[in-house]
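Colleague: One file: my_file_10.txt (compact mmCIF, N, CA and C atoms).
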# COMPACT_ATOMS: atom_id res chain seq x y z
N MET A 70 122.43 -43.65 -64.39
CA MET A 70 121.51 -44.27 -65.31
C MET A 70 120.69 -45.31 -64.55
N PRO A 71 119.35 -45.24 -64.62
CA PRO A 71 118.52 -46.25 -63.94
C PRO A 71 118.69 -47.62 -64.61
N ILE A 72 118.85 -48.64 -63.79
CA ILE A 72 119.00 -50.00 -64.28
C ILE A 72 118.02 -50.89 -63.54
N ILE A 73 117.32 -51.75 -64.28
CA ILE A 73 116.45 -52.77 -63.70
C ILE A 73 117.05 -54.11 -64.06
N ALA A 74 117.32 -54.93 -63.07
CA ALA A 74 117.88 -56.25 -63.33
C ALA A 74 116.76 -57.21 -63.72
N GLU A 75 116.88 -57.84 -64.88
CA GLU A 75 115.88 -58.82 -65.28
C GLU A 75 116.21 -60.13 -64.59
N ASP A 76 115.72 -60.25 -63.39
CA ASP A 76 116.00 -61.44 -62.58
C ASP A 76 114.82 -62.40 -62.64
N LEU A 77 114.58 -62.91 -63.85
CA LEU A 77 113.49 -63.86 -64.09
C LEU A 77 114.09 -65.21 -64.44
N GLY A 78 113.32 -66.26 -64.23
CA GLY A 78 113.81 -67.59 -64.54
C GLY A 78 114.55 -68.19 -63.35
N ILE A 79 115.53 -69.01 -63.63
CA ILE A 79 116.31 -69.64 -62.57
C ILE A 79 117.42 -68.67 -62.17
N ILE A 80 117.33 -68.17 -60.96
CA ILE A 80 118.29 -67.18 -60.47
C ILE A 80 119.02 -67.77 -59.27
N THR A 81 120.33 -67.70 -59.32
CA THR A 81 121.13 -68.24 -58.22
C THR A 81 121.24 -67.23 -57.08
N GLN A 82 121.65 -67.70 -55.94
CA GLN A 82 121.85 -66.80 -54.80
C GLN A 82 122.93 -65.77 -55.10
N GLU A 83 123.93 -66.15 -55.87
CA GLU A 83 124.99 -65.20 -56.23
C GLU A 83 124.43 -64.03 -57.04
N VAL A 84 123.50 -64.33 -57.95
CA VAL A 84 122.86 -63.27 -58.74
C VAL A 84 122.04 -62.37 -57.83
N ARG A 85 121.28 -62.96 -56.92
CA ARG A 85 120.49 -62.16 -55.97
C ARG A 85 121.39 -61.26 -55.13
N ASP A 86 122.49 -61.83 -54.65
CA ASP A 86 123.43 -61.05 -53.83
C ASP A 86 124.05 -59.90 -54.62
N LEU A 87 124.43 -60.15 -55.87
CA LEU A 87 125.03 -59.11 -56.70
C LEU A 87 124.02 -58.00 -56.98
N ARG A 88 122.78 -58.36 -57.31
CA ARG A 88 121.75 -57.36 -57.56
C ARG A 88 121.53 -56.49 -56.32
N LYS A 89 121.49 -57.16 -55.17
CA LYS A 89 121.29 -56.42 -53.92
C LYS A 89 122.49 -55.51 -53.62
N LYS A 90 123.71 -56.02 -53.81
CA LYS A 90 124.92 -55.25 -53.55
C LYS A 90 124.98 -54.00 -54.43
N LEU A 91 124.58 -54.13 -55.69
CA LEU A 91 124.63 -53.01 -56.63
C LEU A 91 123.39 -52.11 -56.51
N GLY A 92 122.39 -52.55 -55.77
CA GLY A 92 121.19 -51.74 -55.55
C GLY A 92 120.21 -51.72 -56.70
N PHE A 93 120.35 -52.66 -57.64
CA PHE A 93 119.44 -52.72 -58.78
C PHE A 93 118.10 -53.30 -58.35
N PRO A 94 116.99 -52.68 -58.76
CA PRO A 94 115.69 -53.29 -58.44
C PRO A 94 115.48 -54.55 -59.27
N GLY A 95 114.75 -55.49 -58.71
CA GLY A 95 114.41 -56.71 -59.43
C GLY A 95 113.02 -56.63 -60.01
N MET A 96 112.72 -57.53 -60.92
CA MET A 96 111.42 -57.57 -61.59
C MET A 96 110.47 -58.52 -60.86
N ARG A 97 109.21 -58.14 -60.81
CA ARG A 97 108.15 -58.99 -60.29
C ARG A 97 107.02 -58.96 -61.30
N VAL A 98 106.63 -60.10 -61.84
CA VAL A 98 105.60 -60.19 -62.87
C VAL A 98 104.37 -60.86 -62.27
N LEU A 99 103.27 -60.11 -62.19
CA LEU A 99 102.08 -60.63 -61.53
C LEU A 99 101.53 -61.89 -62.21
N GLN A 100 101.61 -61.98 -63.52
CA GLN A 100 101.09 -63.18 -64.19
C GLN A 100 101.83 -64.44 -63.77
N PHE A 101 103.02 -64.32 -63.24
CA PHE A 101 103.79 -65.49 -62.80
C PHE A 101 103.48 -65.85 -61.35
N ALA A 102 102.75 -65.02 -60.63
CA ALA A 102 102.64 -65.13 -59.18
C ALA A 102 101.65 -66.18 -58.69
N PHE A 103 100.71 -66.59 -59.52
CA PHE A 103 99.58 -67.35 -59.01
C PHE A 103 99.60 -68.85 -59.32
N ALA A 104 100.66 -69.33 -59.96
CA ALA A 104 100.74 -70.75 -60.30
C ALA A 104 101.07 -71.61 -59.09
N GLU A 105 101.73 -71.00 -58.10
CA GLU A 105 102.14 -71.74 -56.91
C GLU A 105 101.36 -71.23 -55.71
N GLY A 106 101.93 -71.32 -54.54
CA GLY A 106 101.23 -70.95 -53.32
C GLY A 106 101.52 -69.54 -52.86
N PRO A 107 101.09 -69.22 -51.65
CA PRO A 107 101.19 -67.87 -51.11
C PRO A 107 102.60 -67.40 -50.78
N GLU A 108 103.60 -68.24 -50.94
CA GLU A 108 104.98 -67.84 -50.66
C GLU A 108 105.75 -67.45 -51.92
N HIS A 109 105.08 -67.45 -53.07
CA HIS A 109 105.76 -67.10 -54.32
C HIS A 109 106.29 -65.67 -54.25
N ALA A 110 107.52 -65.47 -54.70
CA ALA A 110 108.19 -64.17 -54.60
C ALA A 110 107.51 -63.08 -55.42
N PHE A 111 106.70 -63.44 -56.39
CA PHE A 111 106.06 -62.44 -57.24
C PHE A 111 104.71 -61.98 -56.71
N LEU A 112 104.28 -62.49 -55.57
CA LEU A 112 103.05 -62.00 -54.93
C LEU A 112 103.36 -60.72 -54.18
N PRO A 113 102.52 -59.71 -54.31
CA PRO A 113 102.83 -58.39 -53.74
C PRO A 113 103.15 -58.37 -52.25
N HIS A 114 102.59 -59.27 -51.47
CA HIS A 114 102.92 -59.24 -50.03
C HIS A 114 104.35 -59.68 -49.76
N ARG A 115 105.06 -60.15 -50.79
CA ARG A 115 106.45 -60.57 -50.66
C ARG A 115 107.44 -59.53 -51.20
N TYR A 116 106.97 -58.44 -51.79
CA TYR A 116 107.84 -57.45 -52.41
C TYR A 116 108.59 -56.64 -51.36
N ASP A 117 109.73 -56.12 -51.80
CA ASP A 117 110.37 -55.04 -51.05
C ASP A 117 110.25 -53.79 -51.93
N HIS A 118 110.58 -52.65 -51.40
CA HIS A 118 110.43 -51.40 -52.13
C HIS A 118 111.29 -51.37 -53.39
N ASN A 119 112.47 -51.96 -53.34
CA ASN A 119 113.39 -51.92 -54.47
C ASN A 119 113.01 -52.98 -55.51
N SER A 120 111.78 -52.85 -56.01
CA SER A 120 111.23 -53.77 -57.00
C SER A 120 110.52 -52.99 -58.09
N VAL A 121 110.40 -53.62 -59.24
CA VAL A 121 109.59 -53.09 -60.33
C VAL A 121 108.56 -54.17 -60.64
N VAL A 122 107.29 -53.84 -60.47
CA VAL A 122 106.22 -54.81 -60.70
C VAL A 122 105.59 -54.55 -62.07
N TYR A 123 105.37 -55.63 -62.77
CA TYR A 123 104.73 -55.61 -64.09
C TYR A 123 103.47 -56.47 -64.00
N THR A 124 102.40 -56.04 -64.67
CA THR A 124 101.25 -56.94 -64.77
C THR A 124 101.62 -58.11 -65.67
N GLY A 125 102.37 -57.86 -66.71
CA GLY A 125 102.90 -58.86 -67.63
C GLY A 125 104.00 -58.20 -68.43
N THR A 126 104.63 -58.93 -69.31
CA THR A 126 105.69 -58.36 -70.14
C THR A 126 105.36 -58.57 -71.62
N HIS A 127 106.24 -58.10 -72.48
CA HIS A 127 106.04 -58.28 -73.92
C HIS A 127 106.06 -59.76 -74.31
N ASP A 128 106.60 -60.61 -73.44
CA ASP A 128 106.64 -62.04 -73.71
C ASP A 128 105.34 -62.74 -73.29
N ASN A 129 104.47 -62.04 -72.58
CA ASN A 129 103.24 -62.63 -72.06
C ASN A 129 102.05 -62.30 -72.95
N ASP A 130 101.01 -63.09 -72.75
CA ASP A 130 99.71 -62.80 -73.32
C ASP A 130 99.16 -61.57 -72.60
N THR A 131 98.09 -60.96 -73.13
CA THR A 131 97.42 -59.91 -72.37
C THR A 131 96.94 -60.50 -71.05
N THR A 132 96.63 -59.66 -70.10
CA THR A 132 96.16 -60.16 -68.81
C THR A 132 94.87 -60.95 -68.97
N CYS A 133 93.95 -60.46 -69.79
CA CYS A 133 92.70 -61.20 -70.01
C CYS A 133 92.97 -62.53 -70.72
N GLY A 134 93.87 -62.53 -71.70
CA GLY A 134 94.23 -63.78 -72.37
C GLY A 134 94.90 -64.75 -71.42
N TRP A 135 95.80 -64.25 -70.57
CA TRP A 135 96.45 -65.10 -69.56
C TRP A 135 95.41 -65.72 -68.65
N TYR A 136 94.49 -64.90 -68.16
CA TYR A 136 93.47 -65.38 -67.22
C TYR A 136 92.58 -66.43 -67.87
N ASP A 137 92.18 -66.20 -69.11
CA ASP A 137 91.32 -67.15 -69.82
C ASP A 137 92.00 -68.51 -69.99
N LYS A 138 93.32 -68.51 -70.17
CA LYS A 138 94.06 -69.75 -70.40
C LYS A 138 94.64 -70.36 -69.12
N ALA A 139 94.55 -69.64 -68.01
CA ALA A 139 95.13 -70.11 -66.75
C ALA A 139 94.36 -71.33 -66.23
N SER A 140 95.03 -72.10 -65.40
CA SER A 140 94.36 -73.24 -64.76
C SER A 140 93.30 -72.73 -63.79
N GLU A 141 92.37 -73.58 -63.46
CA GLU A 141 91.34 -73.18 -62.49
C GLU A 141 91.98 -72.83 -61.15
N HIS A 142 93.06 -73.52 -60.79
CA HIS A 142 93.78 -73.20 -59.56
C HIS A 142 94.29 -71.76 -59.59
N GLU A 143 94.92 -71.37 -60.70
CA GLU A 143 95.43 -70.00 -60.82
C GLU A 143 94.31 -68.98 -60.79
N ARG A 144 93.24 -69.24 -61.55
CA ARG A 144 92.12 -68.30 -61.59
C ARG A 144 91.49 -68.15 -60.20
N ASP A 145 91.33 -69.26 -59.49
CA ASP A 145 90.76 -69.20 -58.15
C ASP A 145 91.69 -68.42 -57.21
N PHE A 146 92.98 -68.69 -57.29
CA PHE A 146 93.95 -68.02 -56.42
C PHE A 146 93.96 -66.52 -56.68
N VAL A 147 94.02 -66.11 -57.95
CA VAL A 147 94.06 -64.67 -58.25
C VAL A 147 92.76 -63.99 -57.83
N ARG A 148 91.62 -64.66 -58.01
CA ARG A 148 90.35 -64.06 -57.57
C ARG A 148 90.31 -63.88 -56.06
N ARG A 149 90.75 -64.90 -55.33
CA ARG A 149 90.76 -64.79 -53.87
C ARG A 149 91.78 -63.73 -53.42
N TYR A 150 92.95 -63.72 -54.03
CA TYR A 150 94.00 -62.77 -53.64
C TYR A 150 93.56 -61.33 -53.88
N CYS A 151 92.91 -61.09 -55.01
CA CYS A 151 92.47 -59.74 -55.38
C CYS A 151 91.08 -59.40 -54.84
N LYS A 152 90.42 -60.38 -54.25
CA LYS A 152 89.04 -60.17 -53.77
C LYS A 152 88.16 -59.63 -54.90
N THR A 153 88.10 -60.42 -55.97
CA THR A 153 87.38 -60.03 -57.17
C THR A 153 86.65 -61.23 -57.75
N ASP A 154 85.73 -60.96 -58.66
CA ASP A 154 85.07 -62.05 -59.37
C ASP A 154 85.77 -62.37 -60.68
N GLY A 155 86.78 -61.59 -61.05
CA GLY A 155 87.58 -61.84 -62.25
C GLY A 155 87.03 -61.25 -63.53
N HIS A 156 85.89 -60.57 -63.48
CA HIS A 156 85.30 -60.01 -64.71
C HIS A 156 86.13 -58.87 -65.32
N GLU A 157 86.90 -58.21 -64.51
CA GLU A 157 87.80 -57.17 -65.01
C GLU A 157 89.21 -57.43 -64.48
N ILE A 158 89.70 -58.64 -64.76
CA ILE A 158 90.97 -59.08 -64.20
C ILE A 158 92.11 -58.17 -64.62
N ASN A 159 92.04 -57.60 -65.84
CA ASN A 159 93.09 -56.68 -66.27
C ASN A 159 93.18 -55.49 -65.32
N TRP A 160 92.06 -54.91 -64.96
CA TRP A 160 92.06 -53.77 -64.04
C TRP A 160 92.40 -54.22 -62.62
N ASP A 161 92.01 -55.44 -62.25
CA ASP A 161 92.35 -55.96 -60.92
C ASP A 161 93.86 -56.08 -60.75
N LEU A 162 94.56 -56.58 -61.78
CA LEU A 162 96.02 -56.71 -61.68
C LEU A 162 96.71 -55.35 -61.74
N ILE A 163 96.15 -54.42 -62.51
CA ILE A 163 96.71 -53.07 -62.53
C ILE A 163 96.60 -52.46 -61.13
N LYS A 164 95.44 -52.57 -60.53
CA LYS A 164 95.24 -52.05 -59.16
C LYS A 164 96.20 -52.72 -58.19
N LEU A 165 96.36 -54.04 -58.30
CA LEU A 165 97.26 -54.78 -57.42
C LEU A 165 98.69 -54.28 -57.56
N ALA A 166 99.13 -54.06 -58.80
CA ALA A 166 100.48 -53.55 -59.04
C ALA A 166 100.66 -52.16 -58.44
N LEU A 167 99.70 -51.28 -58.68
CA LEU A 167 99.82 -49.90 -58.21
C LEU A 167 99.74 -49.78 -56.69
N GLN A 168 99.04 -50.70 -56.05
CA GLN A 168 98.92 -50.67 -54.59
C GLN A 168 100.08 -51.34 -53.87
N SER A 169 100.95 -52.01 -54.62
CA SER A 169 102.06 -52.72 -53.99
C SER A 169 103.10 -51.74 -53.45
N VAL A 170 104.05 -52.25 -52.67
CA VAL A 170 105.12 -51.40 -52.12
C VAL A 170 106.26 -51.20 -53.12
N ALA A 171 106.18 -51.84 -54.28
CA ALA A 171 107.25 -51.68 -55.29
C ALA A 171 107.40 -50.20 -55.64
N ASP A 172 108.64 -49.78 -55.79
CA ASP A 172 108.91 -48.38 -56.14
C ASP A 172 108.37 -48.00 -57.51
N VAL A 173 108.29 -48.98 -58.43
CA VAL A 173 107.83 -48.71 -59.79
C VAL A 173 106.83 -49.78 -60.20
N SER A 174 105.75 -49.35 -60.87
CA SER A 174 104.77 -50.27 -61.47
C SER A 174 104.72 -49.99 -62.96
N ILE A 175 104.76 -51.05 -63.76
CA ILE A 175 104.71 -50.90 -65.22
C ILE A 175 103.54 -51.72 -65.74
N VAL A 176 102.71 -51.06 -66.55
CA VAL A 176 101.55 -51.71 -67.16
C VAL A 176 101.71 -51.58 -68.68
N PRO A 177 102.07 -52.67 -69.35
CA PRO A 177 102.16 -52.61 -70.81
C PRO A 177 100.80 -52.23 -71.38
N SER A 178 100.77 -51.35 -72.37
CA SER A 178 99.49 -50.82 -72.87
C SER A 178 98.60 -51.90 -73.46
N ARG A 179 99.15 -52.93 -74.04
CA ARG A 179 98.29 -53.98 -74.60
C ARG A 179 97.65 -54.82 -73.51
N MET A 180 98.09 -54.64 -72.25
CA MET A 180 97.48 -55.34 -71.12
C MET A 180 96.14 -54.71 -70.74
N LEU A 181 95.86 -53.52 -71.25
CA LEU A 181 94.64 -52.82 -70.85
C LEU A 181 93.41 -53.36 -71.55
N SER A 182 93.58 -53.95 -72.72
CA SER A 182 92.42 -54.40 -73.48
C SER A 182 92.01 -55.81 -73.11
N GLY A 183 90.78 -56.13 -73.37
CA GLY A 183 90.23 -57.44 -73.03
C GLY A 183 90.24 -58.39 -74.14
Now that the file is in, can you turn its structure into structure tokens?

Modeller:
Amino acid sequence: MPIIAEDLGIITQEVRDLRKKLGFPGMRVLQFAFAEGPEHAFLPHRYDHNSVVYTGTHDNDTTCGWYDKASEHERDFVRRYCKTDGHEINWDLIKLALQSVADVSIVPSRMLSG
């Protein structure tokens, strides 16, 4: 049975080690990736193959809603990272997810609308 470990929030090293030992892929949410700097674990250049990348989750706003409410720092970072002007940020994050090395990419359908 396929299992994805929801390793979001505050995760201890023991949890990371157990997930790795059991071979469960971890979650990477793109909307969480741009609040900090280039070393954030949710940025695609930090992924390993045993990951599942999401543009956002059911707990998040749509990608366009997230972008509209994001700080200028986050909007600037995501635009520079994606090499985009941000006018179609929903499609930019979908492209980013699909181009990543993660074994699985998930795009919630409500993330497609603006």

Colleague: Excluding Leu77 in chain A and any residue of its chain fewer than 6 positions from it, enumerate the residues within 12 Å of it, using only C-alpha atoms, and give them as a PyMOL selection string.

Modeller: chain A and resi 84-85+95-98+101-102+110-111+126+128

Colleague: Run DSSP on the backbone and give me the residues of chain A it puts in strand (DSSP E or B), as a count of residues only.

Modeller: 12

Colleague: Which residues of range 70-115 of chain A sit at most 8 Å from range 143-154 of chain A, using only N, CA and C atoms? Give each one's shortest atom pair and distance in Å (one decimal place), in chain and ascending residue order, as a Markdown table.

Modeller:
| residue | atom | partner | partner_atom | distance |
| --- | --- | --- | --- | --- |
| A:Ala102 | C | A:Glu143 | CA | 7.6 |
| A:Phe103 | C | A:Glu143 | CA | 4.6 |
| A:Ala104 | N | A:Glu143 | CA | 5.3 |
| A:Glu105 | N | A:Glu143 | CA | 6.9 |

Colleague: Any idea what the distance is between CA of Glu157 in chain A and CA of His127 in chain A?

Modeller: 20.3 Å

Colleague: With only N, CA and C atoms counted, which protein, DNA or RNA residues have an atom no more than 6.5 Å from (103.3, -51.0, -61.6) in the file frame? Please answer as a list in words.

Modeller: Val121, Val122, Tyr123, Thr124, Ala166, Leu167, Val173, Ser174, Ile175 and Val176 of chain A

Colleague: Looking at only C-alpha atoms, which of A:Lys164, A:Arg88, A:His142, A:Arg115 is the one that sits closest to Glu75 in chain A?

Modeller: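 Under the stated criterion, the closest residue is A:Arg88.
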
Colleague: Name the residues of range 97-176 of chain A that come out as alpha helix (DSSP H) in a backbone DSSP run; write them as a list in words.

Modeller: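 For range 97-176 of chain A, the alpha helix (DSSP H) set is Thr132, Cys133, Gly134, Trp135, Tyr136, Asp137, Lys138, Glu141, His142, Glu143, Arg144, Asp145, Phe146, Val147, Arg148, Arg149, Tyr150, Cys151, Ile158, Asn159, Trp160, Asp161, Leu162, Ile163, Lys164, Leu165, Ala166, Leu167 and Gln168 of chain A.
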
Colleague: CA of Gly78 in chain A and CA of Ile158 in chain A, how far apart in Å?

Modeller: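 CA of Gly78 in chain A lies 24.4 Å from CA of Ile158 in chain A.
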
Colleague: Please provide the set of residues having any atom within 6 Å of Gly125 in chain A, restricted to all atoms listed in the file, with same-chain residues fewer than 6 positions apart removed, written as a list in words.

Modeller: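 After dropping sequence-adjacent residues, the list is Val98, Leu99, Gln100 and Pro177 of chain A.
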
Colleague: Write the residues of the preceding selection, restricted to N, CA and C atoms, as a PDB file, keeping the file's coordinate frame.

Modeller:
ATOM      1  N   VAL A  98     106.630 -60.100 -61.840  1.00  0.00           N
ATOM      2  CA  VAL A  98     105.600 -60.190 -62.870  1.00  0.00           C
ATOM      3  C   VAL A  98     104.370 -60.860 -62.270  1.00  0.00           C
ATOM      4  N   LEU A  99     103.270 -60.110 -62.190  1.00  0.00           N
ATOM      5  CA  LEU A  99     102.080 -60.630 -61.530  1.00  0.00           C
ATOM      6  C   LEU A  99     101.530 -61.890 -62.210  1.00  0.00           C
ATOM      7  N   GLN A 100     101.610 -61.980 -63.520  1.00  0.00           N
ATOM      8  CA  GLN A 100     101.090 -63.180 -64.190  1.00  0.00           C
ATOM      9  C   GLN A 100     101.830 -64.440 -63.770  1.00  0.00           C
ATOM     10  N   PRO A 177     102.070 -52.670 -69.350  1.00  0.00           N
ATOM     11  CA  PRO A 177     102.160 -52.610 -70.810  1.00  0.00           C
ATOM     12  C   PRO A 177     100.800 -52.230 -71.380  1.00  0.00           C
TER      13      PRO A 177
END

Colleague: Report, in Å to a single decimal, how far apart CA of Asp76 in chain A and CA of Gly92 in chain A are.

Modeller: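 Interatomic distance, CA of Gly92 in chain A to CA of Asp76 in chain A: 13.1 Å.
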
Colleague: Which is closer to Phe93 in chain A than all the others in A:Ser178, A:Ile79, A:Asp172, A:Lys138, using only C-alpha atoms?

Modeller: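 So, comparing all the options, the nearest one is A:Asp172.
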
Colleague: Choose the residue, out of A:Gly106, A:Asp86, A:Val170, A:Ser120, that has the smallest atom-to-atom separation from Ile73 in chain A; count only C-alpha atoms.

Modeller: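 The shortest atom-to-atom distance to Ile73 in chain A comes from A:Ser120.
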
Colleague: Of the candidates A:Thr132, A:Pro71, A:Ile80, A:Ser140, which one gets nearest to Asp161 in chain A if we count only C-alpha atoms?

Modeller: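 Distance minimum relative to Asp161 in chain A lands on A:Thr132.
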
Colleague: Here is a test: counting only C-alpha atoms, which residue of A:Pro94, A:Asn159, A:Ser169, A:Lys89 is nearest to Asp130 in chain A?

Modeller: A:Asn159

Colleague: With distances taken over only C-alpha atoms, which residue among A:Thr131, A:Lys90, A:Asn119, A:Tyr136 lies nearest Ala171 in chain A?

Modeller: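 Residue with the minimum atom-to-atom distance to Ala171 in chain A: A:Asn119.
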